[in-house]
Amino acid sequence: MALFLDGPACTIDDLTDQDSGLLDVSATCGINVSTKIRLAHEEIGTDLQLWLDRPRPAIDMVWAPALRIGQVVTTPPLKAWEAMLALSFVYRDAYFSQLVDRYQAKWEEYSQLSRRAYERFVASGMGLVNSPVPRALPPALSSVPGPQKGGTFYASVTWVNERGQEGAASAASAISVPDGHLMTVKVATLPTAAVGFHVYAGETLDSLVRQSSVPLSAGLSFTYVPGFITTGPLSGNGQKPDFVRPLVRTLLRG
């Protein structure tokens, strides 16, 4: 699972899976769906911060350590809340733009679904990690001479913390390699939370599997040999929560 601060968990495709007419409505009303997703993410972030800012319980007369929003994991209930909230924002703007009753009905429907998703998130609790690892940046690709047929290859990386936990995979980089050459993958620097990185590579975006058996150091160039590793973990989705913080309900805005 990605960290909340990695950015919105929802995509436009996620929203159109819920509402097949979304793109037609956004085109008709001049609504930027990506902006609504970002605004939903930011509003939820404000609510998460309010929860985290509440007084911490004392354990044996010692205050529990403060939690940071950077530790929050985007669990499925949190992602669902973000999606429903973004859809409600789209149809709210559509209604006020066109004053069409069916847009108002959709706005009210997704507002209700957003509240239900919020309730499910509260019931499940806030997932957090002890040592958060952010989503990696795309790697730099190059090539070196090698006895292989060329082609187009893709590579993604994940950053790894001292516990061996991987953050969310980076966006994939691509390179066209001539015959007689091999793709190399390099990460110049790592964030302070990471001690190394893993490489995921393949000949298609859907076939990226881990190539590195142990985390690699920053600045090290990894050479990808097509077909050398044919099975392995798919590119990482991020950290699972180390613990869950129980939540109490608060009033939702809007």
# chains A, B, ... in the order shown; residues from 1 in each chain; ligands from 1

$ residues_around --residues "range 6-23 of chain A" --least-positions-apart "2" --cutoff "7 Å" --atoms "only C-alpha atoms" --output "MDAnalysis selection string"
chainID A and resid 2:4 25:27 33:34 37:38 41 79 83 134:135

$ residues_around --residues "Pro145 in chain A" --least-positions-apart "3" --cutoff "8 Å" --atoms "only C-alpha atoms" --output "list in words"
Gly180, His181 and Leu182 of chain A

$ closest_residue --among "A:Lys36, A:Leu5, A:Tyr224, A:Leu67" --to "Met84 in chain A" --atoms "only C-alpha atoms"
A:Lys36

$ residues_around --residues "range 117-124 of chain A" --least-positions-apart "6" --cutoff "12 Å" --atoms "only C-alpha atoms" --output "VMD selection string"
chain A and resid 44 47 to 48 51 74 to 85 110 to 111 243 to 253

$ residues_around --residues "range 184-186 of chain A" --least-positions-apart "6" --cutoff "12 Å" --atoms "only C-alpha atoms" --output "ChimeraX atom specification"
/A:137-146,153-158,172-177,196-202,211-212,216-226

$ atom_distance --atom1 "CA of Gly45 in chain A" --atom2 "CA of Arg68 in chain A"
11.4 Å

$ atom_distance --atom1 "CA of Gly125 in chain A" --atom2 "CA of Val160 in chain A"
25.5 Å

$ atom_distance --atom1 "CA of Ala66 in chain A" --atom2 "CA of Asn237 in chain A"
26.0 Å

$ select_by_dssp --residues "range 32-159 of chain A" --states "strand (DSSP E)" --output "JSON, numbers by chain"
{"A": [58, 59, 62, 63, 126, 127, 128, 140, 141, 142, 143, 144, 145, 151, 152, 153, 154, 155, 156, 157, 158, 159]}

$ closest_residue --among "A:Phe89, A:Val214, A:Glu162, A:Ser170" --to "Val187 in chain A" --atoms "only C-alpha atoms"
A:Ser170

$ select_by_dssp --residues "range 16-95 of chain A" --states "alpha helix (DSSP H)" --output "ChimeraX atom specification"
/A:16-18,22-29,33-52,76-95

$ write_last_selection --atoms "N, CA and C atoms" --output "compact mmCIF listing (two decimals), in the first residue's frame"
# COMPACT_ATOMS: atom_id res chain seq x y z
N THR A 16 -14.13 6.29 -13.24
CA THR A 16 -15.01 5.86 -14.33
C THR A 16 -15.49 4.43 -14.14
N ASP A 17 -14.75 3.63 -13.38
CA ASP A 17 -15.26 2.30 -13.02
C ASP A 17 -16.52 2.42 -12.18
N GLN A 18 -16.59 3.48 -11.38
CA GLN A 18 -17.76 3.72 -10.55
C GLN A 18 -18.88 4.42 -11.31
N LEU A 22 -18.90 9.64 -16.32
CA LEU A 22 -18.15 10.73 -15.71
C LEU A 22 -17.44 11.61 -16.73
N LEU A 23 -16.76 11.00 -17.70
CA LEU A 23 -15.98 11.79 -18.66
C LEU A 23 -16.87 12.64 -19.55
N ASP A 24 -18.03 12.14 -19.91
CA ASP A 24 -18.98 12.94 -20.70
C ASP A 24 -19.45 14.15 -19.90
N VAL A 25 -19.73 13.94 -18.62
CA VAL A 25 -20.18 15.04 -17.77
C VAL A 25 -19.07 16.07 -17.60
N SER A 26 -17.85 15.59 -17.36
CA SER A 26 -16.74 16.53 -17.17
C SER A 26 -16.46 17.34 -18.42
N ALA A 27 -16.61 16.69 -19.61
CA ALA A 27 -16.40 17.42 -20.86
C ALA A 27 -17.50 18.45 -21.09
N THR A 28 -18.74 18.08 -20.81
CA THR A 28 -19.88 18.98 -21.01
C THR A 28 -19.79 20.19 -20.10
N CYS A 29 -19.37 19.97 -18.86
CA CYS A 29 -19.38 21.04 -17.85
C CYS A 29 -18.02 21.70 -17.66
N VAL A 33 -11.31 16.54 -13.82
CA VAL A 33 -11.49 15.46 -12.85
C VAL A 33 -10.24 15.27 -12.00
N SER A 34 -9.08 15.41 -12.60
CA SER A 34 -7.84 15.26 -11.83
C SER A 34 -7.77 16.27 -10.69
N THR A 35 -8.25 17.49 -10.95
CA THR A 35 -8.27 18.51 -9.91
C THR A 35 -9.19 18.11 -8.77
N LYS A 36 -10.34 17.53 -9.09
CA LYS A 36 -11.27 17.11 -8.04
C LYS A 36 -10.68 15.97 -7.20
N ILE A 37 -9.94 15.08 -7.84
CA ILE A 37 -9.28 14.01 -7.10
C ILE A 37 -8.26 14.63 -6.13
N ARG A 38 -7.50 15.59 -6.63
CA ARG A 38 -6.50 16.25 -5.76
C ARG A 38 -7.18 16.96 -4.60
N LEU A 39 -8.28 17.65 -4.84
CA LEU A 39 -8.97 18.37 -3.77
C LEU A 39 -9.55 17.40 -2.74
N ALA A 40 -10.07 16.27 -3.20
CA ALA A 40 -10.57 15.25 -2.26
C ALA A 40 -9.43 14.73 -1.39
N HIS A 41 -8.29 14.48 -2.01
CA HIS A 41 -7.12 14.00 -1.27
C HIS A 41 -6.69 15.03 -0.23
N GLU A 42 -6.67 16.30 -0.60
CA GLU A 42 -6.25 17.33 0.33
C GLU A 42 -7.24 17.48 1.49
N GLU A 43 -8.53 17.40 1.20
CA GLU A 43 -9.53 17.54 2.27
C GLU A 43 -9.43 16.37 3.25
N ILE A 44 -9.26 15.18 2.72
CA ILE A 44 -9.09 14.02 3.61
C ILE A 44 -7.81 14.18 4.44
N GLY A 45 -6.77 14.72 3.82
CA GLY A 45 -5.53 14.94 4.56
C GLY A 45 -5.73 15.87 5.75
N THR A 46 -6.58 16.88 5.59
CA THR A 46 -6.89 17.78 6.70
C THR A 46 -7.57 17.02 7.84
N ASP A 47 -8.52 16.13 7.49
CA ASP A 47 -9.20 15.35 8.51
C ASP A 47 -8.23 14.39 9.21
N LEU A 48 -7.34 13.77 8.44
CA LEU A 48 -6.35 12.87 9.05
C LEU A 48 -5.46 13.62 10.03
N GLN A 49 -5.06 14.82 9.65
CA GLN A 49 -4.21 15.61 10.53
C GLN A 49 -4.94 15.98 11.82
N LEU A 50 -6.24 16.28 11.72
CA LEU A 50 -7.01 16.60 12.93
C LEU A 50 -7.05 15.41 13.87
N TRP A 51 -7.21 14.20 13.32
CA TRP A 51 -7.18 13.01 14.16
C TRP A 51 -5.81 12.85 14.84
N LEU A 52 -4.76 13.07 14.05
CA LEU A 52 -3.41 12.89 14.59
C LEU A 52 -3.05 13.94 15.64
N PRO A 76 -7.51 0.28 1.70
CA PRO A 76 -8.67 0.26 0.80
C PRO A 76 -9.84 1.13 1.27
N PRO A 77 -10.21 1.14 2.58
CA PRO A 77 -11.30 2.03 2.99
C PRO A 77 -10.97 3.51 2.78
N LEU A 78 -9.71 3.88 2.98
CA LEU A 78 -9.32 5.28 2.77
C LEU A 78 -9.38 5.63 1.29
N LYS A 79 -8.95 4.72 0.43
CA LYS A 79 -9.03 4.95 -1.02
C LYS A 79 -10.48 5.08 -1.47
N ALA A 80 -11.37 4.25 -0.93
CA ALA A 80 -12.78 4.31 -1.31
C ALA A 80 -13.39 5.65 -0.89
N TRP A 81 -13.03 6.12 0.28
CA TRP A 81 -13.51 7.43 0.73
C TRP A 81 -13.05 8.53 -0.22
N GLU A 82 -11.81 8.49 -0.63
CA GLU A 82 -11.28 9.48 -1.56
C GLU A 82 -12.02 9.46 -2.89
N ALA A 83 -12.32 8.26 -3.39
CA ALA A 83 -13.01 8.15 -4.68
C ALA A 83 -14.41 8.72 -4.61
N MET A 84 -15.17 8.37 -3.57
CA MET A 84 -16.54 8.86 -3.45
C MET A 84 -16.58 10.37 -3.23
N LEU A 85 -15.62 10.87 -2.46
CA LEU A 85 -15.58 12.31 -2.23
C LEU A 85 -15.26 13.06 -3.52
N ALA A 86 -14.32 12.53 -4.31
CA ALA A 86 -13.99 13.17 -5.58
C ALA A 86 -15.19 13.18 -6.52
N LEU A 87 -15.94 12.09 -6.59
CA LEU A 87 -17.13 12.03 -7.44
C LEU A 87 -18.18 13.03 -6.98
N SER A 88 -18.33 13.17 -5.67
CA SER A 88 -19.30 14.15 -5.18
C SER A 88 -18.88 15.57 -5.56
N PHE A 89 -17.57 15.84 -5.57
CA PHE A 89 -17.08 17.16 -5.98
C PHE A 89 -17.38 17.42 -7.46
N VAL A 90 -17.19 16.38 -8.29
CA VAL A 90 -17.46 16.54 -9.73
C VAL A 90 -18.93 16.90 -9.95
N TYR A 91 -19.82 16.16 -9.34
CA TYR A 91 -21.25 16.39 -9.61
C TYR A 91 -21.79 17.62 -8.89
N ARG A 92 -21.15 18.03 -7.82
CA ARG A 92 -21.52 19.30 -7.19
C ARG A 92 -21.23 20.44 -8.16
N ASP A 93 -20.04 20.43 -8.78
CA ASP A 93 -19.70 21.48 -9.74
C ASP A 93 -20.57 21.39 -10.98
N ALA A 94 -20.87 20.16 -11.42
CA ALA A 94 -21.72 19.99 -12.59
C ALA A 94 -23.11 20.58 -12.35
N TYR A 95 -23.65 20.35 -11.16
CA TYR A 95 -24.99 20.88 -10.86
C TYR A 95 -24.98 22.40 -10.84

$ residues_around --residues "Gly236 in chain A" --least-positions-apart "4" --cutoff "8 Å" --atoms "only C-alpha atoms" --output "MDAnalysis selection string"
chainID A and resid 158 166:169

$ closest_residue --among "A:Gly238, A:Pro233, A:Pro132, A:Gly127" --to "Thr192 in chain A" --atoms "only C-alpha atoms"
A:Pro132

$ closest_residue --among "A:Lys240, A:Gly164, A:Asn32, A:Glu109" --to "Ser213 in chain A" --atoms "only C-alpha atoms"
A:Gly164

$ closest_residue --among "A:Gln148, A:Ile31, A:Pro178, A:Val72" --to "Gln98 in chain A" --atoms "only C-alpha atoms"
A:Ile31

$ residues_around --residues "Leu234 in chain A" --least-positions-apart "5" --cutoff "8 Å" --atoms "only C-alpha atoms" --output "JSON, numbers by chain"
{"A": [200, 207, 208, 209, 210]}

$ decode --residues "range 104-227 of chain A" --atoms "C-alpha atoms" --output "PDB file, in the first residue's frame"
ATOM      1  CA  GLN A 104     -28.005  17.220  -8.260  1.00  0.00           C
ATOM      2  CA  ALA A 105     -29.233  13.661  -7.730  1.00  0.00           C
ATOM      3  CA  LYS A 106     -25.762  12.313  -8.519  1.00  0.00           C
ATOM      4  CA  TRP A 107     -24.177  14.858  -6.200  1.00  0.00           C
ATOM      5  CA  GLU A 108     -26.450  13.792  -3.350  1.00  0.00           C
ATOM      6  CA  GLU A 109     -25.882  10.102  -4.109  1.00  0.00           C
ATOM      7  CA  TYR A 110     -22.094  10.365  -4.053  1.00  0.00           C
ATOM      8  CA  SER A 111     -22.201  12.577  -0.960  1.00  0.00           C
ATOM      9  CA  GLN A 112     -24.073   9.783   0.821  1.00  0.00           C
ATOM     10  CA  LEU A 113     -21.655   7.165  -0.505  1.00  0.00           C
ATOM     11  CA  SER A 114     -18.763   9.340   0.660  1.00  0.00           C
ATOM     12  CA  ARG A 115     -20.213   9.422   4.176  1.00  0.00           C
ATOM     13  CA  ARG A 116     -20.633   5.651   4.158  1.00  0.00           C
ATOM     14  CA  ALA A 117     -17.041   5.216   2.975  1.00  0.00           C
ATOM     15  CA  TYR A 118     -15.936   7.586   5.746  1.00  0.00           C
ATOM     16  CA  GLU A 119     -17.817   5.480   8.306  1.00  0.00           C
ATOM     17  CA  ARG A 120     -16.138   2.316   7.049  1.00  0.00           C
ATOM     18  CA  PHE A 121     -12.739   3.996   7.281  1.00  0.00           C
ATOM     19  CA  VAL A 122     -13.435   5.097  10.858  1.00  0.00           C
ATOM     20  CA  ALA A 123     -14.619   1.605  11.773  1.00  0.00           C
ATOM     21  CA  SER A 124     -11.470   0.025  10.297  1.00  0.00           C
ATOM     22  CA  GLY A 125      -9.072   2.536  11.874  1.00  0.00           C
ATOM     23  CA  MET A 126      -6.096   4.454  10.518  1.00  0.00           C
ATOM     24  CA  GLY A 127      -3.265   2.265   9.246  1.00  0.00           C
ATOM     25  CA  LEU A 128       0.237   3.516  10.030  1.00  0.00           C
ATOM     26  CA  VAL A 129       3.817   2.376   9.621  1.00  0.00           C
ATOM     27  CA  ASN A 130       6.717   2.875  12.006  1.00  0.00           C
ATOM     28  CA  SER A 131       9.353   3.601   9.364  1.00  0.00           C
ATOM     29  CA  PRO A 132       7.649   5.144   6.308  1.00  0.00           C
ATOM     30  CA  VAL A 133       9.272   4.799   2.891  1.00  0.00           C
ATOM     31  CA  PRO A 134       7.967   7.202   0.211  1.00  0.00           C
ATOM     32  CA  ARG A 135       7.192   6.250  -3.370  1.00  0.00           C
ATOM     33  CA  ALA A 136      10.420   6.080  -5.354  1.00  0.00           C
ATOM     34  CA  LEU A 137      11.327   8.425  -8.184  1.00  0.00           C
ATOM     35  CA  PRO A 138      11.768   6.911 -11.666  1.00  0.00           C
ATOM     36  CA  PRO A 139      15.248   5.487 -12.266  1.00  0.00           C
ATOM     37  CA  ALA A 140      17.791   6.655 -14.817  1.00  0.00           C
ATOM     38  CA  LEU A 141      18.267   4.165 -17.670  1.00  0.00           C
ATOM     39  CA  SER A 142      21.238   3.703 -19.949  1.00  0.00           C
ATOM     40  CA  SER A 143      22.913   0.861 -21.827  1.00  0.00           C
ATOM     41  CA  VAL A 144      26.201  -1.002 -21.968  1.00  0.00           C
ATOM     42  CA  PRO A 145      27.601  -3.469 -24.519  1.00  0.00           C
ATOM     43  CA  GLY A 146      26.330  -7.014 -24.010  1.00  0.00           C
ATOM     44  CA  PRO A 147      25.597 -10.192 -25.992  1.00  0.00           C
ATOM     45  CA  GLN A 148      21.841  -9.729 -26.219  1.00  0.00           C
ATOM     46  CA  LYS A 149      19.240  -8.769 -28.753  1.00  0.00           C
ATOM     47  CA  GLY A 150      18.040  -5.193 -28.367  1.00  0.00           C
ATOM     48  CA  GLY A 151      14.519  -3.901 -27.901  1.00  0.00           C
ATOM     49  CA  THR A 152      12.432  -1.643 -25.690  1.00  0.00           C
ATOM     50  CA  PHE A 153      12.694  -2.341 -21.981  1.00  0.00           C
ATOM     51  CA  TYR A 154      11.070  -0.909 -18.869  1.00  0.00           C
ATOM     52  CA  ALA A 155      12.285  -0.526 -15.311  1.00  0.00           C
ATOM     53  CA  SER A 156      10.853   0.661 -12.032  1.00  0.00           C
ATOM     54  CA  VAL A 157      12.409   0.859  -8.561  1.00  0.00           C
ATOM     55  CA  THR A 158      11.302   0.738  -4.955  1.00  0.00           C
ATOM     56  CA  TRP A 159      13.106   2.244  -2.003  1.00  0.00           C
ATOM     57  CA  VAL A 160      13.766  -0.078   0.946  1.00  0.00           C
ATOM     58  CA  ASN A 161      14.093   0.808   4.649  1.00  0.00           C
ATOM     59  CA  GLU A 162      16.292  -0.786   7.305  1.00  0.00           C
ATOM     60  CA  ARG A 163      13.566  -3.344   8.054  1.00  0.00           C
ATOM     61  CA  GLY A 164      13.499  -4.542   4.458  1.00  0.00           C
ATOM     62  CA  GLN A 165      10.105  -2.921   3.812  1.00  0.00           C
ATOM     63  CA  GLU A 166       9.573  -1.528   0.324  1.00  0.00           C
ATOM     64  CA  GLY A 167       7.782   1.681  -0.486  1.00  0.00           C
ATOM     65  CA  ALA A 168       5.494   2.033  -3.484  1.00  0.00           C
ATOM     66  CA  ALA A 169       7.088   1.447  -6.878  1.00  0.00           C
ATOM     67  CA  SER A 170       8.113   4.392  -9.017  1.00  0.00           C
ATOM     68  CA  ALA A 171       6.614   5.150 -12.379  1.00  0.00           C
ATOM     69  CA  ALA A 172       8.384   3.044 -14.983  1.00  0.00           C
ATOM     70  CA  SER A 173      11.148   4.439 -17.156  1.00  0.00           C
ATOM     71  CA  ALA A 174      11.613   3.126 -20.710  1.00  0.00           C
ATOM     72  CA  ILE A 175      14.563   2.842 -23.064  1.00  0.00           C
ATOM     73  CA  SER A 176      15.169   1.434 -26.544  1.00  0.00           C
ATOM     74  CA  VAL A 177      18.379  -0.579 -26.564  1.00  0.00           C
ATOM     75  CA  PRO A 178      20.190  -1.520 -29.811  1.00  0.00           C
ATOM     76  CA  ASP A 179      21.296  -5.066 -30.532  1.00  0.00           C
ATOM     77  CA  GLY A 180      24.435  -6.023 -28.670  1.00  0.00           C
ATOM     78  CA  HIS A 181      23.577  -3.908 -25.652  1.00  0.00           C
ATOM     79  CA  LEU A 182      21.934  -4.315 -22.229  1.00  0.00           C
ATOM     80  CA  MET A 183      19.823  -1.884 -20.210  1.00  0.00           C
ATOM     81  CA  THR A 184      21.288  -0.462 -17.002  1.00  0.00           C
ATOM     82  CA  VAL A 185      19.271   0.952 -14.114  1.00  0.00           C
ATOM     83  CA  LYS A 186      20.627   3.543 -11.696  1.00  0.00           C
ATOM     84  CA  VAL A 187      19.351   5.530  -8.720  1.00  0.00           C
ATOM     85  CA  ALA A 188      21.556   8.488  -7.862  1.00  0.00           C
ATOM     86  CA  THR A 189      20.291   9.285  -4.356  1.00  0.00           C
ATOM     87  CA  LEU A 190      18.007   7.827  -1.711  1.00  0.00           C
ATOM     88  CA  PRO A 191      15.782   9.545   0.868  1.00  0.00           C
ATOM     89  CA  THR A 192      16.902   9.428   4.483  1.00  0.00           C
ATOM     90  CA  ALA A 193      14.309   6.725   5.246  1.00  0.00           C
ATOM     91  CA  ALA A 194      15.830   4.294   2.715  1.00  0.00           C
ATOM     92  CA  VAL A 195      18.970   2.177   2.858  1.00  0.00           C
ATOM     93  CA  GLY A 196      18.765   0.769  -0.676  1.00  0.00           C
ATOM     94  CA  PHE A 197      16.554   0.085  -3.677  1.00  0.00           C
ATOM     95  CA  HIS A 198      15.142  -2.869  -5.605  1.00  0.00           C
ATOM     96  CA  VAL A 199      14.915  -3.041  -9.404  1.00  0.00           C
ATOM     97  CA  TYR A 200      11.853  -4.289 -11.287  1.00  0.00           C
ATOM     98  CA  ALA A 201      12.286  -4.727 -15.034  1.00  0.00           C
ATOM     99  CA  GLY A 202      10.714  -6.379 -18.042  1.00  0.00           C
ATOM    100  CA  GLU A 203       9.889  -6.138 -21.730  1.00  0.00           C
ATOM    101  CA  THR A 204       6.361  -4.824 -21.101  1.00  0.00           C
ATOM    102  CA  LEU A 205       4.832  -2.603 -18.423  1.00  0.00           C
ATOM    103  CA  ASP A 206       2.699  -5.525 -17.264  1.00  0.00           C
ATOM    104  CA  SER A 207       5.650  -7.868 -16.757  1.00  0.00           C
ATOM    105  CA  LEU A 208       7.924  -5.957 -14.393  1.00  0.00           C
ATOM    106  CA  VAL A 209       9.373  -8.399 -11.842  1.00  0.00           C
ATOM    107  CA  ARG A 210      12.040  -7.947  -9.228  1.00  0.00           C
ATOM    108  CA  GLN A 211      15.548  -8.457 -10.585  1.00  0.00           C
ATOM    109  CA  SER A 212      17.636  -7.637  -7.499  1.00  0.00           C
ATOM    110  CA  SER A 213      17.953 -10.265  -4.781  1.00  0.00           C
ATOM    111  CA  VAL A 214      19.160  -7.768  -2.146  1.00  0.00           C
ATOM    112  CA  PRO A 215      18.702  -3.993  -1.851  1.00  0.00           C
ATOM    113  CA  LEU A 216      21.193  -2.037  -3.948  1.00  0.00           C
ATOM    114  CA  SER A 217      23.126   1.015  -2.825  1.00  0.00           C
ATOM    115  CA  ALA A 218      22.559   4.472  -4.276  1.00  0.00           C
ATOM    116  CA  GLY A 219      24.822   5.186  -7.225  1.00  0.00           C
ATOM    117  CA  LEU A 220      25.168   1.517  -8.124  1.00  0.00           C
ATOM    118  CA  SER A 221      24.327   0.660 -11.744  1.00  0.00           C
ATOM    119  CA  PHE A 222      22.297  -2.530 -12.175  1.00  0.00           C
ATOM    120  CA  THR A 223      22.503  -4.387 -15.517  1.00  0.00           C
ATOM    121  CA  TYR A 224      19.300  -6.046 -16.695  1.00  0.00           C
ATOM    122  CA  VAL A 225      19.665  -9.273 -18.679  1.00  0.00           C
ATOM    123  CA  PRO A 226      16.389 -10.147 -20.474  1.00  0.00           C
ATOM    124  CA  GLY A 227      15.162 -13.639 -19.658  1.00  0.00           C
TER     125      GLY A 227
END
